[in-house]
Structures are given as structure tokens and as C-alpha cells.
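**Q** Have a look at the structure that comes next, please.
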2 protein chains.
Amino acid sequence: MHENMGYKSIGIIHSEHTRAEDTPIQPVFAEQCKGRAEIFPEYADGLKDIEGFSHIYLIYHMHRAGSARLTVKPFLQDVERGLFATRAPCRPNPIGISIVELVGREGNVLNLKGVDVLDGTPLLDIKPYIARFDRITTAHDGWQEEVDDKTAGRKGKRGYGKGGTCRT
Amino acid sequence: MHENMGYKSIGIIHSEHTRAEDTPIQPVFAEQCKGRAEIFPEYADGLKDIEGFSHIYLIYHMHRAGSARLTVKPFLQDVERGLFATRAPCRPNPIGISIVELVGREGNVLNLKGVDVLDGTPLLDIKPYIARFDRITTAHDGWQEEVDDKTAGRKGKRGYGKGGTCRT
């Protein structure tokens, strides 16, 4: 039953975010934040055809996440919530997922927009965003629906734009 | 630079899929396939508030995936593609992502619909699907746009419905 889940980094995410407190919490709050995914040369052949996709999932190891907690106050709301009902980083397995915009590719480097990931984060996987699979039009969003867009935009950016490190 | 990425299972995914060749490749092709995510009791408190979300990401370890390959012929098209431009399971880190419908919760068990995951798959994480973050309306889908919906529906179900194991 217990499988070997010793994953390895397939590359590194480069961004302008060096401080967690200045890093937007999701790509939607980081639209102008550029970054790069550098894939190690031994995996570069796997990037063939990726240029056709406008958006990709970055799946990464949140190397600076704190210890796991089972309830957290999410960034967007001052109410304690179950961890798995949030996207907070302090998870039993600190796997992060971001849907970023793929601007272009130069060899083993992907140029990206909407990067909400700390500089130097180890990359685990890349998958194409495919509307047929991933664009759910019927979703109900639980406590997130209690947060209006304006409040989400303000809180979701965190310190970005207030002397944060992301240049636009 | 090299981080400890030794992840542990937080639970098990139960489904009616026991043979990979009869398992739909994505939830969209498995609409009627029910299943359960059993979260180990020590993590159950993290499920608080999840009932408000209609869809969740299951993030799991594809324990029966073959060795990694950098180019593959995807299930939906008979053309060799770069691995990272596909959702094929034979990845350097065999992490799977499925957006499934959350039907209800009984304690530490989540009842699900749209399950395209093999029975017994180790669960790594659960995140809520949040339209504000995850519903990308402007996506271009590369080679996937060459596959019409009818062909995708037929190929994406694999053996399901042709004597496969998923009861509807």
C-alpha cells in the first residue's frame, strides 16, 4: 500500500517574488507578474508542442511553506476554514498548482505571465490547461462566494504593488 | 537546492476502475462514474467547509503509471507529442490531477462523481475548484483543438461502457 513517492525536481521556477508576504496568492492577482520555468535539459524534449497552449499548470513543491495545519484562516477571509477547503500552502504535502499564461518558449525555458510563485521554487510537473477538461461552468465555490471581487483583488495581491518585488 | 520531496499519502481514492484500459482518461468522460476519497482520520479535520464546493481537485500519485517517456501518443490523437503537452500518466513525477464533482461528505469520506482514477490510488492533496482562479475563458488548447468533441468522447472513455468495470 505504501508507495515510493520520492519525487524529484524537473526544473526551477524563476520569478520576481522573493518574499512570501509580497507574493500574490493566485495568478489572477498576478496578471502582470512575469516569470520563467526553466526545465532541466534532460527533460526538454518533453516540451515539444507546448507552444500551442496559451495556459499551463505549473505543479511545484512549495519549499518555503510552513508546517501543515488542518485549519487555517485563508488570505481572503478572516474566518478559520478546513485546510482542504482552502489553497493555503501549509499542507501535509506542500504541492502548489498555478494556472499561468504561456507567453513563449526558448529551448528549455518557458516565458510566463501571471506568476504567483516564489523565485527558486522546485518544479514537479507541467500539464497543459485544456478547456474541455478544466473549464467547469457549473461550479459552486463555497465560502469563496462570500468574498466580493474587490476585496479578493485587494487581499489576493498581498504586498504586491505596495513596495513589493514584482515589477510591472 | 535539492529539497526533501518525500510525500506521504493522506488517503485513498476508491473507484470502480480496476483496469487502466477501461478507465476514462478525464472526469469529463467519466460523468457517471462514482467513487470515494477516503481521507485518513488524522487529516479529517482539514475537510471542514469543503461541502460548500461543488467541485474539487484530487491530486494523487499514479501508482500504476509506466516509466517516464518524454514523447507520447496521447489517447485522443495518433500523433507523437511532447509529454508536457499531454496529460499522459508516464511522467517523471507521476502526479495526477482530476477535477471531480463533490456529491457529499460522510465524516472522513467524500462521495464523488466523475471519477477517472484507478481504485486504490494514493491521494496526496485536495484543493477546492474556485471559478475565480481556475475557469480560464481565454485559453487556446494547442493540438487538442484538432480533436473534435465526438472523437474525444469516444476515445476518452477508453474501454468504459464496452464491458468495462464502471457501472452507471
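Ligands are numbered from 1 in the order shown, chains are lettered A, B, ... in the order of the C-alpha cells, and residues start at 1 in each chain.
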Which residues of chain A are close to chain B, meaning at most 6 Å apart when you count only C-alpha atoms, and how do they look as a list of chain:residue names?

**A**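 Only these qualify: A:Met5, A:Gly6, A:Tyr7, A:Asp45, A:Gly46, A:Leu47, A:Lys48, A:Asp49, A:Ile50, A:Gly52, A:Phe53, A:Ser54, A:Leu70, A:Thr71, A:Gly82, A:Leu83, A:Phe84, A:Ala85, A:Asn93, A:Ile126, A:Lys127, A:Pro128, A:Ile130, A:Arg135, A:Ala139, A:His140, A:Asp141, A:Gly142.
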
**Q** Using every C-alpha atom paired in order, could you least-squares fit chain A onto chain B and give me the moved chain as a short mmCIF file (atom, residue, chain, number, x, y, z; two decimals) with N, CA and C atoms, in the first residue's frame?

**A**
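Here's the written file part_38.cif:
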data_model
loop_
_atom_site.label_atom_id
_atom_site.label_comp_id
_atom_site.auth_asym_id
_atom_site.auth_seq_id
_atom_site.Cartn_x
_atom_site.Cartn_y
_atom_site.Cartn_z
N MET A 1 19.62 23.39 -2.68
CA MET A 1 18.70 23.39 -3.83
C MET A 1 17.83 22.13 -3.83
N HIS A 2 18.43 21.01 -3.51
CA HIS A 2 17.64 19.77 -3.59
C HIS A 2 16.85 19.58 -2.30
N GLU A 3 15.55 19.68 -2.45
CA GLU A 3 14.66 19.64 -1.31
C GLU A 3 14.20 18.21 -1.08
N ASN A 4 13.78 17.97 0.14
CA ASN A 4 13.14 16.70 0.45
C ASN A 4 11.72 16.72 -0.08
N MET A 5 11.45 15.90 -1.07
CA MET A 5 10.09 15.85 -1.61
C MET A 5 9.51 14.46 -1.39
N GLY A 6 9.73 13.93 -0.22
CA GLY A 6 9.15 12.64 0.12
C GLY A 6 7.74 12.83 0.63
N TYR A 7 6.77 12.74 -0.29
CA TYR A 7 5.38 12.96 0.09
C TYR A 7 4.79 11.69 0.68
N LYS A 8 3.71 11.88 1.42
CA LYS A 8 3.01 10.75 2.02
C LYS A 8 1.55 10.77 1.60
N SER A 9 0.96 9.63 1.56
CA SER A 9 -0.46 9.53 1.22
C SER A 9 -1.30 10.11 2.35
N ILE A 10 -2.31 10.93 1.99
CA ILE A 10 -3.25 11.43 3.01
C ILE A 10 -4.57 10.66 2.96
N GLY A 11 -4.67 9.71 2.06
CA GLY A 11 -5.90 8.93 1.93
C GLY A 11 -5.83 8.05 0.70
N ILE A 12 -6.97 7.46 0.38
CA ILE A 12 -7.04 6.52 -0.74
C ILE A 12 -8.27 6.87 -1.59
N ILE A 13 -8.11 6.81 -2.90
CA ILE A 13 -9.25 7.00 -3.80
C ILE A 13 -9.84 5.63 -4.14
N HIS A 14 -11.14 5.50 -3.90
CA HIS A 14 -11.85 4.27 -4.23
C HIS A 14 -12.70 4.52 -5.47
N SER A 15 -12.63 3.63 -6.42
CA SER A 15 -13.43 3.78 -7.63
C SER A 15 -13.81 2.41 -8.15
N GLU A 16 -14.58 2.41 -9.24
CA GLU A 16 -14.95 1.14 -9.85
C GLU A 16 -13.97 0.74 -10.94
N HIS A 17 -12.92 1.51 -11.09
CA HIS A 17 -11.96 1.25 -12.16
C HIS A 17 -10.81 0.38 -11.66
N THR A 18 -10.75 -0.82 -12.17
CA THR A 18 -9.66 -1.70 -11.74
C THR A 18 -8.68 -1.99 -12.87
N ARG A 19 -9.06 -1.64 -14.10
CA ARG A 19 -8.18 -1.87 -15.24
C ARG A 19 -7.95 -0.54 -15.95
N ALA A 20 -6.68 -0.19 -16.13
CA ALA A 20 -6.35 1.08 -16.76
C ALA A 20 -7.02 1.21 -18.12
N GLU A 21 -7.07 0.13 -18.86
CA GLU A 21 -7.59 0.20 -20.24
C GLU A 21 -9.10 0.40 -20.29
N ASP A 22 -9.78 0.27 -19.16
CA ASP A 22 -11.22 0.53 -19.11
C ASP A 22 -11.54 1.83 -18.37
N THR A 23 -10.53 2.60 -18.04
CA THR A 23 -10.70 3.79 -17.22
C THR A 23 -10.72 5.04 -18.08
N PRO A 24 -11.77 5.84 -17.99
CA PRO A 24 -11.80 7.09 -18.77
C PRO A 24 -10.57 7.94 -18.44
N ILE A 25 -10.16 8.75 -19.43
CA ILE A 25 -8.90 9.48 -19.25
C ILE A 25 -9.09 10.79 -18.52
N GLN A 26 -10.33 11.26 -18.39
CA GLN A 26 -10.59 12.53 -17.70
C GLN A 26 -12.00 12.47 -17.11
N PRO A 27 -12.28 13.26 -16.06
CA PRO A 27 -13.63 13.28 -15.49
C PRO A 27 -14.72 13.58 -16.51
N VAL A 28 -14.44 14.44 -17.50
CA VAL A 28 -15.46 14.79 -18.48
C VAL A 28 -15.96 13.56 -19.26
N PHE A 29 -15.13 12.53 -19.30
CA PHE A 29 -15.53 11.29 -19.98
C PHE A 29 -15.98 10.22 -18.97
N ALA A 30 -16.17 10.62 -17.73
CA ALA A 30 -16.51 9.67 -16.65
C ALA A 30 -17.64 10.23 -15.80
N GLU A 31 -18.52 10.99 -16.45
CA GLU A 31 -19.53 11.75 -15.69
C GLU A 31 -20.32 10.90 -14.71
N GLN A 32 -20.65 9.69 -15.10
CA GLN A 32 -21.50 8.85 -14.24
C GLN A 32 -20.69 7.95 -13.31
N CYS A 33 -19.38 8.04 -13.37
CA CYS A 33 -18.56 7.13 -12.57
C CYS A 33 -18.43 7.68 -11.15
N LYS A 34 -19.00 6.93 -10.22
CA LYS A 34 -18.94 7.34 -8.83
C LYS A 34 -17.67 6.83 -8.16
N GLY A 35 -17.32 7.44 -7.07
CA GLY A 35 -16.16 6.99 -6.32
C GLY A 35 -16.12 7.70 -4.98
N ARG A 36 -15.11 7.39 -4.21
CA ARG A 36 -14.97 7.99 -2.89
C ARG A 36 -13.52 8.34 -2.64
N ALA A 37 -13.32 9.44 -1.95
CA ALA A 37 -11.99 9.75 -1.43
C ALA A 37 -12.06 9.54 0.07
N GLU A 38 -11.30 8.56 0.54
CA GLU A 38 -11.25 8.27 1.98
C GLU A 38 -10.01 8.94 2.54
N ILE A 39 -10.22 9.93 3.39
CA ILE A 39 -9.09 10.65 3.98
C ILE A 39 -8.76 9.98 5.32
N PHE A 40 -7.50 9.76 5.56
CA PHE A 40 -7.12 9.11 6.82
C PHE A 40 -7.60 9.97 7.99
N PRO A 41 -8.06 9.30 9.09
CA PRO A 41 -8.69 10.04 10.19
C PRO A 41 -7.86 11.20 10.74
N GLU A 42 -6.56 11.07 10.73
CA GLU A 42 -5.73 12.14 11.29
C GLU A 42 -5.79 13.44 10.48
N TYR A 43 -6.32 13.37 9.24
CA TYR A 43 -6.45 14.58 8.42
C TYR A 43 -7.90 15.05 8.27
N ALA A 44 -8.83 14.34 8.90
CA ALA A 44 -10.26 14.60 8.65
C ALA A 44 -10.66 16.03 9.01
N ASP A 45 -10.05 16.60 10.05
CA ASP A 45 -10.43 17.97 10.43
C ASP A 45 -10.17 18.98 9.32
N GLY A 46 -9.28 18.64 8.40
CA GLY A 46 -8.99 19.53 7.28
C GLY A 46 -10.10 19.60 6.24
N LEU A 47 -11.11 18.73 6.39
CA LEU A 47 -12.22 18.70 5.41
C LEU A 47 -13.35 19.68 5.74
N LYS A 48 -13.27 20.28 6.92
CA LYS A 48 -14.30 21.25 7.32
C LYS A 48 -14.55 22.26 6.18
N ASP A 49 -15.79 22.60 5.94
CA ASP A 49 -16.20 23.62 4.95
C ASP A 49 -16.10 23.15 3.50
N ILE A 50 -15.60 21.97 3.26
CA ILE A 50 -15.41 21.55 1.86
C ILE A 50 -16.76 21.28 1.19
N GLU A 51 -17.79 20.99 1.99
CA GLU A 51 -19.10 20.66 1.42
C GLU A 51 -19.67 21.80 0.59
N GLY A 52 -19.22 23.03 0.83
CA GLY A 52 -19.75 24.17 0.09
C GLY A 52 -19.30 24.20 -1.36
N PHE A 53 -18.29 23.44 -1.68
CA PHE A 53 -17.74 23.45 -3.04
C PHE A 53 -18.34 22.31 -3.85
N SER A 54 -18.74 22.60 -5.08
CA SER A 54 -19.35 21.56 -5.92
C SER A 54 -18.28 20.71 -6.62
N HIS A 55 -17.10 21.27 -6.79
CA HIS A 55 -16.03 20.55 -7.49
C HIS A 55 -14.72 20.70 -6.72
N ILE A 56 -13.93 19.66 -6.72
CA ILE A 56 -12.63 19.69 -6.04
C ILE A 56 -11.57 19.07 -6.95
N TYR A 57 -10.33 19.51 -6.72
CA TYR A 57 -9.19 18.84 -7.35
C TYR A 57 -8.77 17.66 -6.47
N LEU A 58 -8.69 16.49 -7.07
CA LEU A 58 -7.94 15.40 -6.44
C LEU A 58 -6.53 15.43 -7.02
N ILE A 59 -5.56 15.41 -6.13
CA ILE A 59 -4.16 15.36 -6.56
C ILE A 59 -3.60 14.06 -6.01
N TYR A 60 -3.11 13.22 -6.89
CA TYR A 60 -2.83 11.84 -6.48
C TYR A 60 -1.58 11.30 -7.16
N HIS A 61 -1.11 10.21 -6.57
CA HIS A 61 0.09 9.53 -7.07
C HIS A 61 -0.36 8.40 -8.00
N MET A 62 -0.02 8.51 -9.28
CA MET A 62 -0.45 7.49 -10.26
C MET A 62 0.44 6.26 -10.09
N HIS A 63 0.02 5.41 -9.15
CA HIS A 63 0.89 4.34 -8.66
C HIS A 63 1.10 3.24 -9.70
N ARG A 64 0.28 3.23 -10.75
CA ARG A 64 0.47 2.19 -11.75
C ARG A 64 0.91 2.76 -13.10
N ALA A 65 1.39 3.98 -13.10
CA ALA A 65 1.91 4.58 -14.34
C ALA A 65 3.20 3.88 -14.76
N GLY A 66 3.40 3.79 -16.05
CA GLY A 66 4.64 3.22 -16.56
C GLY A 66 5.81 4.18 -16.42
N SER A 67 6.98 3.74 -16.87
CA SER A 67 8.18 4.58 -16.81
C SER A 67 7.96 5.87 -17.59
N ALA A 68 8.65 6.91 -17.15
CA ALA A 68 8.53 8.20 -17.82
C ALA A 68 9.02 8.12 -19.25
N ARG A 69 8.29 8.80 -20.15
CA ARG A 69 8.72 8.96 -21.52
C ARG A 69 8.57 10.43 -21.87
N LEU A 70 9.43 10.96 -22.72
CA LEU A 70 9.40 12.40 -23.01
C LEU A 70 8.52 12.73 -24.20
N THR A 71 8.23 11.76 -25.03
CA THR A 71 7.21 11.97 -26.06
C THR A 71 6.26 10.78 -26.02
N VAL A 72 4.99 11.06 -26.28
CA VAL A 72 3.96 10.02 -26.19
C VAL A 72 2.91 10.28 -27.27
N LYS A 73 2.21 9.23 -27.66
CA LYS A 73 0.99 9.41 -28.45
C LYS A 73 -0.16 9.54 -27.46
N PRO A 74 -0.82 10.69 -27.41
CA PRO A 74 -1.90 10.82 -26.43
C PRO A 74 -3.08 9.92 -26.79
N PHE A 75 -3.94 9.66 -25.80
CA PHE A 75 -5.10 8.80 -26.03
C PHE A 75 -6.00 9.36 -27.13
N LEU A 76 -6.06 10.69 -27.24
CA LEU A 76 -7.05 11.30 -28.13
C LEU A 76 -6.57 11.50 -29.55
N GLN A 77 -5.27 11.29 -29.82
CA GLN A 77 -4.76 11.59 -31.16
C GLN A 77 -3.55 10.71 -31.46
N ASP A 78 -3.49 10.22 -32.67
CA ASP A 78 -2.44 9.28 -33.05
C ASP A 78 -1.22 10.03 -33.60
N VAL A 79 -0.75 11.00 -32.83
CA VAL A 79 0.41 11.81 -33.23
C VAL A 79 1.33 11.92 -32.01
N GLU A 80 2.61 11.71 -32.22
CA GLU A 80 3.57 11.80 -31.12
C GLU A 80 3.68 13.24 -30.63
N ARG A 81 3.51 13.46 -29.35
CA ARG A 81 3.54 14.81 -28.76
C ARG A 81 4.53 14.85 -27.60
N GLY A 82 5.02 16.04 -27.30
CA GLY A 82 5.84 16.20 -26.10
C GLY A 82 5.01 15.86 -24.87
N LEU A 83 5.62 15.14 -23.94
CA LEU A 83 4.89 14.68 -22.75
C LEU A 83 4.19 15.83 -22.02
N PHE A 84 4.89 16.97 -21.85
CA PHE A 84 4.33 18.06 -21.05
C PHE A 84 3.22 18.82 -21.80
N ALA A 85 3.01 18.47 -23.07
CA ALA A 85 1.87 18.99 -23.82
C ALA A 85 0.71 18.00 -23.80
N THR A 86 0.81 16.99 -22.94
CA THR A 86 -0.25 15.98 -22.78
C THR A 86 -0.53 15.77 -21.29
N ARG A 87 -1.59 15.00 -21.03
CA ARG A 87 -1.89 14.62 -19.65
C ARG A 87 -1.58 13.14 -19.42
N ALA A 88 -0.76 12.56 -20.28
CA ALA A 88 -0.42 11.14 -20.17
C ALA A 88 0.19 10.83 -18.79
N PRO A 89 -0.03 9.62 -18.29
CA PRO A 89 0.44 9.31 -16.93
C PRO A 89 1.94 9.03 -16.79
N CYS A 90 2.61 8.72 -17.87
CA CYS A 90 4.03 8.29 -17.77
C CYS A 90 4.95 9.50 -17.65
N ARG A 91 4.93 10.17 -16.50
CA ARG A 91 5.63 11.43 -16.26
C ARG A 91 6.81 11.23 -15.32
N PRO A 92 7.80 12.13 -15.34
CA PRO A 92 8.92 12.01 -14.40
C PRO A 92 8.44 11.92 -12.95
N ASN A 93 7.46 12.76 -12.59
CA ASN A 93 6.78 12.63 -11.30
C ASN A 93 5.32 12.30 -11.62
N PRO A 94 4.89 11.08 -11.34
CA PRO A 94 3.55 10.66 -11.80
C PRO A 94 2.43 11.22 -10.91
N ILE A 95 2.30 12.56 -10.97
CA ILE A 95 1.25 13.24 -10.22
C ILE A 95 0.05 13.41 -11.14
N GLY A 96 -1.10 12.96 -10.69
CA GLY A 96 -2.34 13.11 -11.45
C GLY A 96 -3.23 14.16 -10.82
N ILE A 97 -3.99 14.85 -11.67
CA ILE A 97 -4.94 15.86 -11.22
C ILE A 97 -6.28 15.58 -11.88
N SER A 98 -7.33 15.50 -11.09
CA SER A 98 -8.68 15.36 -11.64
C SER A 98 -9.60 16.35 -10.94
N ILE A 99 -10.43 17.02 -11.72
CA ILE A 99 -11.46 17.90 -11.15
C ILE A 99 -12.75 17.09 -11.11
N VAL A 100 -13.15 16.68 -9.93
CA VAL A 100 -14.32 15.81 -9.78
C VAL A 100 -15.44 16.56 -9.07
N GLU A 101 -16.64 16.02 -9.20
CA GLU A 101 -17.81 16.63 -8.55
C GLU A 101 -17.94 16.08 -7.14
N LEU A 102 -18.08 16.97 -6.18
CA LEU A 102 -18.25 16.57 -4.77
C LEU A 102 -19.74 16.45 -4.49
N VAL A 103 -20.19 15.22 -4.29
CA VAL A 103 -21.62 14.96 -4.08
C VAL A 103 -21.98 15.14 -2.60
N GLY A 104 -21.10 14.76 -1.73
CA GLY A 104 -21.39 14.90 -0.30
C GLY A 104 -20.25 14.35 0.53
N ARG A 105 -20.37 14.57 1.83
CA ARG A 105 -19.32 14.13 2.74
C ARG A 105 -19.93 13.33 3.88
N GLU A 106 -19.31 12.23 4.22
CA GLU A 106 -19.69 11.47 5.42
C GLU A 106 -18.43 11.32 6.25
N GLY A 107 -18.28 12.21 7.23
CA GLY A 107 -17.10 12.15 8.09
C GLY A 107 -15.83 12.34 7.29
N ASN A 108 -15.00 11.33 7.27
CA ASN A 108 -13.72 11.45 6.56
C ASN A 108 -13.77 10.90 5.14
N VAL A 109 -15.00 10.69 4.63
CA VAL A 109 -15.17 10.15 3.27
C VAL A 109 -15.92 11.16 2.40
N LEU A 110 -15.37 11.44 1.22
CA LEU A 110 -16.03 12.32 0.25
C LEU A 110 -16.64 11.45 -0.85
N ASN A 111 -17.92 11.64 -1.09
CA ASN A 111 -18.59 10.94 -2.19
C ASN A 111 -18.48 11.78 -3.46
N LEU A 112 -18.07 11.15 -4.53
CA LEU A 112 -17.66 11.88 -5.73
C LEU A 112 -18.36 11.35 -6.98
N LYS A 113 -18.45 12.20 -7.98
CA LYS A 113 -18.87 11.80 -9.33
C LYS A 113 -17.84 12.31 -10.34
N GLY A 114 -17.74 11.59 -11.44
CA GLY A 114 -16.77 11.98 -12.46
C GLY A 114 -15.38 11.47 -12.14
N VAL A 115 -15.34 10.27 -11.55
CA VAL A 115 -14.05 9.73 -11.08
C VAL A 115 -13.38 8.95 -12.20
N ASP A 116 -12.21 9.41 -12.60
CA ASP A 116 -11.44 8.80 -13.69
C ASP A 116 -10.14 8.19 -13.16
N VAL A 117 -10.17 7.78 -11.91
CA VAL A 117 -8.95 7.38 -11.20
C VAL A 117 -9.05 5.90 -10.85
N LEU A 118 -7.94 5.19 -10.95
CA LEU A 118 -7.93 3.77 -10.62
C LEU A 118 -8.19 3.54 -9.13
N ASP A 119 -8.91 2.48 -8.84
CA ASP A 119 -9.20 2.11 -7.46
C ASP A 119 -7.89 1.87 -6.69
N GLY A 120 -7.84 2.41 -5.48
CA GLY A 120 -6.67 2.20 -4.63
C GLY A 120 -5.56 3.23 -4.81
N THR A 121 -5.82 4.26 -5.59
CA THR A 121 -4.79 5.26 -5.86
C THR A 121 -4.51 6.12 -4.62
N PRO A 122 -3.24 6.28 -4.25
CA PRO A 122 -2.90 7.11 -3.08
C PRO A 122 -3.18 8.60 -3.35
N LEU A 123 -3.88 9.20 -2.41
CA LEU A 123 -4.24 10.62 -2.50
C LEU A 123 -3.16 11.47 -1.84
N LEU A 124 -2.77 12.54 -2.52
CA LEU A 124 -1.74 13.43 -1.97
C LEU A 124 -2.31 14.73 -1.42
N ASP A 125 -3.37 15.24 -2.07
CA ASP A 125 -3.90 16.54 -1.65
C ASP A 125 -5.29 16.70 -2.25
N ILE A 126 -6.05 17.59 -1.63
CA ILE A 126 -7.36 18.02 -2.13
C ILE A 126 -7.36 19.54 -2.10
N LYS A 127 -7.82 20.15 -3.18
CA LYS A 127 -7.98 21.61 -3.20
C LYS A 127 -9.36 21.92 -3.77
N PRO A 128 -9.99 22.98 -3.30
CA PRO A 128 -11.29 23.35 -3.89
C PRO A 128 -11.09 23.92 -5.28
N TYR A 129 -12.02 23.61 -6.20
CA TYR A 129 -12.06 24.28 -7.50
C TYR A 129 -12.75 25.62 -7.29
N ILE A 130 -12.10 26.68 -7.70
CA ILE A 130 -12.61 28.03 -7.46
C ILE A 130 -12.66 28.75 -8.80
N ALA A 131 -13.88 29.05 -9.25
CA ALA A 131 -14.06 29.60 -10.60
C ALA A 131 -13.19 30.84 -10.81
N ARG A 132 -13.10 31.68 -9.78
CA ARG A 132 -12.34 32.93 -9.88
C ARG A 132 -10.86 32.67 -10.25
N PHE A 133 -10.36 31.53 -9.84
CA PHE A 133 -8.96 31.19 -10.10
C PHE A 133 -8.79 30.27 -11.31
N ASP A 134 -9.74 29.37 -11.49
CA ASP A 134 -9.49 28.19 -12.33
C ASP A 134 -10.26 28.14 -13.65
N ARG A 135 -11.24 29.00 -13.80
CA ARG A 135 -12.04 28.97 -15.03
C ARG A 135 -11.46 29.97 -16.01
N ILE A 136 -10.58 29.50 -16.86
CA ILE A 136 -9.88 30.37 -17.82
C ILE A 136 -10.72 30.42 -19.09
N THR A 137 -11.21 31.61 -19.41
CA THR A 137 -12.14 31.71 -20.55
C THR A 137 -11.42 32.02 -21.86
N THR A 138 -10.14 32.32 -21.78
CA THR A 138 -9.41 32.75 -22.98
C THR A 138 -8.42 31.71 -23.48
N ALA A 139 -8.52 30.48 -22.99
CA ALA A 139 -7.47 29.51 -23.29
C ALA A 139 -7.50 29.03 -24.74
N HIS A 140 -6.31 28.89 -25.31
CA HIS A 140 -6.12 28.19 -26.58
C HIS A 140 -5.49 26.84 -26.27
N ASP A 141 -5.97 25.81 -26.95
CA ASP A 141 -5.71 24.46 -26.49
C ASP A 141 -4.83 23.64 -27.42
N GLY A 142 -3.98 24.30 -28.20
CA GLY A 142 -2.99 23.58 -28.98
C GLY A 142 -3.56 22.43 -29.78
N TRP A 143 -2.86 21.30 -29.79
CA TRP A 143 -3.27 20.15 -30.61
C TRP A 143 -4.64 19.62 -30.19
N GLN A 144 -5.07 19.89 -28.95
CA GLN A 144 -6.39 19.41 -28.52
C GLN A 144 -7.50 19.99 -29.38
N GLU A 145 -7.25 21.17 -29.97
CA GLU A 145 -8.28 21.79 -30.81
C GLU A 145 -8.45 21.05 -32.13
N GLU A 146 -7.49 20.19 -32.47
CA GLU A 146 -7.60 19.38 -33.68
C GLU A 146 -8.52 18.16 -33.48
N VAL A 147 -8.88 17.90 -32.24
CA VAL A 147 -9.72 16.73 -31.93
C VAL A 147 -11.15 17.21 -31.70
N ASP A 148 -12.10 16.73 -32.53
CA ASP A 148 -13.48 17.17 -32.35
C ASP A 148 -14.10 16.48 -31.13
N ASP A 149 -15.19 17.06 -30.62
CA ASP A 149 -15.79 16.57 -29.38
C ASP A 149 -16.25 15.13 -29.49
N LYS A 150 -16.76 14.76 -30.63
CA LYS A 150 -17.28 13.40 -30.79
C LYS A 150 -16.13 12.37 -30.69
N THR A 151 -15.05 12.68 -31.38
CA THR A 151 -13.88 11.78 -31.33
C THR A 151 -13.32 11.74 -29.92
N ALA A 152 -13.24 12.91 -29.27
CA ALA A 152 -12.72 12.96 -27.90
C ALA A 152 -13.58 12.11 -26.97
N GLY A 153 -14.90 12.23 -27.11
CA GLY A 153 -15.80 11.48 -26.26
C GLY A 153 -15.63 9.98 -26.43
N ARG A 154 -15.45 9.58 -27.69
CA ARG A 154 -15.30 8.14 -27.96
C ARG A 154 -13.97 7.61 -27.45
N LYS A 155 -12.88 8.30 -27.78
CA LYS A 155 -11.55 7.82 -27.37
C LYS A 155 -11.30 8.03 -25.87
N GLY A 156 -11.87 9.13 -25.34
CA GLY A 156 -11.59 9.48 -23.95
C GLY A 156 -12.19 8.52 -22.94
N LYS A 157 -13.24 7.81 -23.35
CA LYS A 157 -13.86 6.85 -22.42
C LYS A 157 -13.05 5.57 -22.32
N ARG A 158 -12.15 5.34 -23.25
CA ARG A 158 -11.40 4.08 -23.35
C ARG A 158 -12.38 2.91 -23.33
N GLY A 159 -12.13 1.87 -22.53
CA GLY A 159 -13.00 0.69 -22.54
C GLY A 159 -14.28 0.85 -21.77
N TYR A 160 -14.45 1.97 -21.11
CA TYR A 160 -15.63 2.19 -20.26
C TYR A 160 -16.90 2.11 -21.10
N GLY A 161 -17.86 1.30 -20.63
CA GLY A 161 -19.10 1.15 -21.37
C GLY A 161 -19.06 0.02 -22.37
N LYS A 162 -17.84 -0.51 -22.63
CA LYS A 162 -17.71 -1.67 -23.53
C LYS A 162 -17.31 -2.89 -22.70
N GLY A 163 -18.06 -3.17 -21.68
CA GLY A 163 -17.68 -4.27 -20.80
C GLY A 163 -16.68 -3.84 -19.76
N GLY A 164 -16.49 -2.54 -19.65
CA GLY A 164 -15.59 -2.02 -18.61
C GLY A 164 -16.20 -2.19 -17.24
N THR A 165 -15.50 -1.72 -16.24
CA THR A 165 -15.88 -2.03 -14.87
C THR A 165 -16.73 -0.94 -14.23
N CYS A 166 -16.97 0.16 -14.93
CA CYS A 166 -17.70 1.27 -14.29
C CYS A 166 -19.19 1.07 -14.47
N ARG A 167 -19.88 0.86 -13.37
CA ARG A 167 -21.34 0.69 -13.44
C ARG A 167 -22.00 2.06 -13.39
N THR A 168 -22.99 2.24 -14.25
CA THR A 168 -23.67 3.54 -14.26
C THR A 168 -25.09 3.37 -13.74
#

**Q** Among stretch 112-146 of chain A, which ones does DSSP place in strand (DSSP E or B), written as a PyMOL selection string?

**A** chain A and resi 112-113+121-128+141
